[in-house]
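Undergrad: Pasting a structure below so you can have a look.
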Amino acid sequence: MARVRALRKGFKAVQDLELLKLLKSEINFELSSNHFQNVPSDCPGEFLVDSDSPRTKDVVLRKISDSGEEVAVSAILGPPNYEKDLLFARDVFMKVCVRKPAVSSILQFDCKVYQETEEASEFDINNAYYLRSPTCLSSSIYRGPLFSELDSKLQDALKEYLIAKGIGVGLTNFLLHYLHTREQKQYVNWLKKGEAFVAKDQLSETHSS
């Protein structure tokens, strides 16, 4: 029985060592091939990063104009899209909220940001809502028709409205770059935590043998 336990212990140590090597290799690969370091990313203009917690998947940008109007942008990476051979493989799901000063109601736009060419990105509006307040989120409240059912001229006008509020190519380029870079950093940190855990386990096995 003692020999069987020793064999099992030795087999586990070999497995841990192999996993440790793979983790180190993946970390070195990610650090040496920073996919986005040479990609130009325009400054988001008057927008400032308001929230970027490592515990959440989204980032929030915000700007307040001299008139007191507030524009808030919440953005999160969508699933991979490999239909186009472009650098940014994932689209961005973006919510834009516009609020006037001293008014509780807001306009909310659900959008998708995607890389259009090697140097430029684009965004589409999926939905547009008028909400009496940020807390009026009940599904029973009428939010308007499907955006795709609106007159094409009205669709274009609403998109131009957002562009005038600063939701242009500079911001969409920034979001694609920022979120993909952020995800890569989070992935490397996840690998390092796994490496530290396995290495600690490996060290414990060595001391107990």
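Going through the structure tokens in order, the chains are called A, B, and so on, while each chain numbers its residues from 1 and the ligands are numbered from 1 in the order shown.
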Near Asn81 (chain A), counting only C-alpha atoms, which residues have an atom at most 8 Å away, once you skip same-chain residues fewer than 4 positions from it, shown as a PyMOL selection string?

TA: chain A and resi 89-91

Undergrad: So that I can check the surroundings of Ser105 (chain A), please list as an MDAnalysis selection string every protein, DNA and RNA residue that reaches within 6 Å of it, counting only C-alpha atoms and ignoring chain neighbours fewer than 3 positions away.

TA: chainID A and resid 131:133

Undergrad: Could you write out that same residue set with N, CA, C and O atoms as a compact mmCIF listing (two decimals), in the first residue's frame?

TA:
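So the final result, stored in result01.txt, reads:
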# COMPACT_ATOMS: atom_id res chain seq x y z
N LEU A 131 -36.77 56.73 -20.66
CA LEU A 131 -37.09 56.28 -19.32
C LEU A 131 -37.37 57.50 -18.44
O LEU A 131 -36.61 58.47 -18.46
N ARG A 132 -38.45 57.41 -17.68
CA ARG A 132 -38.81 58.55 -16.81
C ARG A 132 -37.78 58.79 -15.73
O ARG A 132 -37.60 59.91 -15.26
N SER A 133 -37.08 57.71 -15.33
CA SER A 133 -35.98 57.84 -14.37
C SER A 133 -35.12 56.59 -14.49
O SER A 133 -35.56 55.57 -15.02

Undergrad: With a distance cut-off of 12 Å and only C-alpha atoms, select the neighbouring residues of Ser32 (chain A), excluding the residue or stretch itself and same-chain residues fewer than 6 positions from it, and output the selection as an MDAnalysis selection string.

TA: chainID A and resid 25:26 188

Undergrad: Any chance you could list, as JSON, numbers by chain, the residues in region 91-121 of chain A that come up strand (DSSP E or B) when DSSP is run on the backbone?

TA: {"A": [91, 92, 93, 94, 95, 96, 97, 98, 99, 106, 107, 108, 109, 110, 111, 112, 113, 114, 115, 121]}

Undergrad: Find the residues near region 68-77 of chain A: any atom within 7 Å, counting only C-alpha atoms, skip ones fewer than 3 places away on the same chain, and give them as a list in words.

TA: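 Close residues of region 68-77 of chain A: Lys57, Asp58, Val59, Val60, Leu61, Arg62, Lys63, Ile64, Ser65, Arg90, Asp91, Val92, Phe93, Met94, Lys95, Val96, Cys97, Val98, Arg99, Lys100, Pro101 and Leu179 of chain A.
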
Undergrad: Give me the residues within 9 Å of Lys192 (chain A) as a JSON list (two decimals) with all heavy atoms, in the first residue's frame, counting only C-alpha atoms and dropping any in the same chain fewer than 5 places off.

TA:
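In the end it all went to around.json:
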[["chain", "number", "residue", "atom", "x", "y", "z"],
["A", 23, "LEU", "N", 1.48, 26.70, -17.76],
["A", 23, "LEU", "CA", 1.07, 28.02, -17.28],
["A", 23, "LEU", "C", 2.17, 29.05, -17.51],
["A", 23, "LEU", "O", 1.90, 30.16, -17.98],
["A", 23, "LEU", "CB", 0.72, 27.95, -15.79],
["A", 23, "LEU", "CG", -0.61, 27.26, -15.44],
["A", 23, "LEU", "CD1", -0.71, 26.99, -13.95],
["A", 23, "LEU", "CD2", -1.79, 28.11, -15.91],
["A", 24, "LYS", "N", 3.41, 28.70, -17.18],
["A", 24, "LYS", "CA", 4.53, 29.61, -17.40],
["A", 24, "LYS", "C", 4.69, 29.94, -18.88],
["A", 24, "LYS", "O", 4.95, 31.09, -19.25],
["A", 24, "LYS", "CB", 5.83, 28.99, -16.86],
["A", 24, "LYS", "CG", 5.93, 28.92, -15.35],
["A", 24, "LYS", "CD", 7.24, 28.28, -14.93],
["A", 24, "LYS", "CE", 7.39, 28.21, -13.41],
["A", 24, "LYS", "NZ", 7.51, 29.56, -12.81],
["A", 27, "ILE", "N", 1.94, 32.37, -19.95],
["A", 27, "ILE", "CA", 2.22, 33.71, -19.42],
["A", 27, "ILE", "C", 3.30, 34.40, -20.24],
["A", 27, "ILE", "O", 3.16, 35.57, -20.63],
["A", 27, "ILE", "CB", 2.64, 33.62, -17.94],
["A", 27, "ILE", "CG1", 1.45, 33.20, -17.07],
["A", 27, "ILE", "CG2", 3.18, 34.97, -17.45],
["A", 27, "ILE", "CD1", 1.83, 32.86, -15.65],
["A", 187, "TYR", "N", -6.52, 38.24, -18.08],
["A", 187, "TYR", "CA", -6.18, 36.85, -18.40],
["A", 187, "TYR", "C", -4.80, 36.50, -17.86],
["A", 187, "TYR", "O", -4.59, 35.44, -17.26],
["A", 187, "TYR", "CB", -6.24, 36.65, -19.91],
["A", 187, "TYR", "CG", -5.80, 35.28, -20.38],
["A", 187, "TYR", "CD1", -6.38, 34.12, -19.86],
["A", 187, "TYR", "CD2", -4.80, 35.13, -21.33],
["A", 187, "TYR", "CE1", -5.98, 32.86, -20.28],
["A", 187, "TYR", "CE2", -4.39, 33.87, -21.77],
["A", 187, "TYR", "CZ", -4.99, 32.73, -21.23],
["A", 187, "TYR", "OH", -4.60, 31.49, -21.66],
["A", 197, "PHE", "N", -0.71, 29.13, -7.36],
["A", 197, "PHE", "CA", -1.40, 28.07, -6.64],
["A", 197, "PHE", "C", -0.75, 26.72, -6.88],
["A", 197, "PHE", "O", -0.48, 25.95, -5.93],
["A", 197, "PHE", "CB", -2.87, 28.02, -7.07],
["A", 197, "PHE", "CG", -3.69, 26.97, -6.37],
["A", 197, "PHE", "CD1", -4.27, 27.24, -5.15],
["A", 197, "PHE", "CD2", -3.86, 25.72, -6.94],
["A", 197, "PHE", "CE1", -5.02, 26.27, -4.50],
["A", 197, "PHE", "CE2", -4.60, 24.74, -6.30],
["A", 197, "PHE", "CZ", -5.19, 25.02, -5.07]]

Undergrad: Which residue is closest to Ser148 (chain A)? Choose from A:Val103, A:Ile167, A:Asp124, A:Gln108 and count only C-alpha atoms.

TA: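 The answer is A:Asp124, which sits nearest to Ser148 (chain A).
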
Undergrad: With only C-alpha atoms as the basis for distance, which of A:Phe47, A:Leu86, A:Tyr130, A:Ser53 is at the shortest distance from Gln115 (chain A)?

TA: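 The closest residue to Gln115 (chain A) is A:Leu86.
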
Undergrad: What is the CA of Glu119 (chain A) to CA of Leu171 (chain A) distance in Å?

TA: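 Result for CA of Glu119 (chain A) versus CA of Leu171 (chain A): 13.1 Å, one decimal.
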
Undergrad: Can you pull out every residue within 9 Å of Phe88 (chain A), counting only C-alpha atoms, but drop anything in the same chain fewer than 3 positions away, and send it as a ChimeraX atom specification?

TA: /A:36,80-81,85,91,114-115,176-177,180

Undergrad: Could you take the residues named above and write them with N, CA and C atoms, as a tab-separated table (two decimals), in the first residue's frame?

TA:
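New file again29.tsv:
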chain	number	residue	atom	x	y	z
A	36	PHE	N	-1.84	44.36	-28.73
A	36	PHE	CA	-2.44	45.68	-28.96
A	36	PHE	C	-1.51	46.85	-28.67
A	80	PRO	N	-16.64	36.32	-29.01
A	80	PRO	CA	-15.73	36.44	-30.17
A	80	PRO	C	-16.49	36.39	-31.49
A	81	ASN	N	-15.98	37.16	-32.45
A	81	ASN	CA	-16.55	37.17	-33.79
A	81	ASN	C	-15.40	36.99	-34.78
A	85	ASP	N	-11.20	38.85	-40.44
A	85	ASP	CA	-9.83	38.67	-39.99
A	85	ASP	C	-9.26	40.02	-39.56
A	91	ASP	N	-16.74	42.06	-30.44
A	91	ASP	CA	-17.47	43.31	-30.48
A	91	ASP	C	-17.66	43.83	-29.06
A	114	TYR	N	-18.05	47.68	-33.26
A	114	TYR	CA	-17.26	46.64	-33.93
A	114	TYR	C	-16.20	47.28	-34.80
A	115	GLN	N	-15.13	46.53	-35.05
A	115	GLN	CA	-14.06	47.00	-35.91
A	115	GLN	C	-14.51	46.88	-37.37
A	176	LEU	N	-12.75	49.67	-28.00
A	176	LEU	CA	-12.25	48.39	-28.51
A	176	LEU	C	-10.84	48.12	-27.98
A	177	HIS	N	-9.98	49.11	-28.07
A	177	HIS	CA	-8.60	48.95	-27.61
A	177	HIS	C	-8.55	48.76	-26.10
A	180	HIS	N	-10.14	45.26	-24.92
A	180	HIS	CA	-9.33	44.10	-25.30
A	180	HIS	C	-8.02	44.07	-24.51

Undergrad: Rounded to one decimal, what separation in Å do you get between CA of Leu31 (chain A) and CA of Pro54 (chain A)?

TA: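 Answer for the CA of Leu31 (chain A) to CA of Pro54 (chain A) separation: 19.0 Å.
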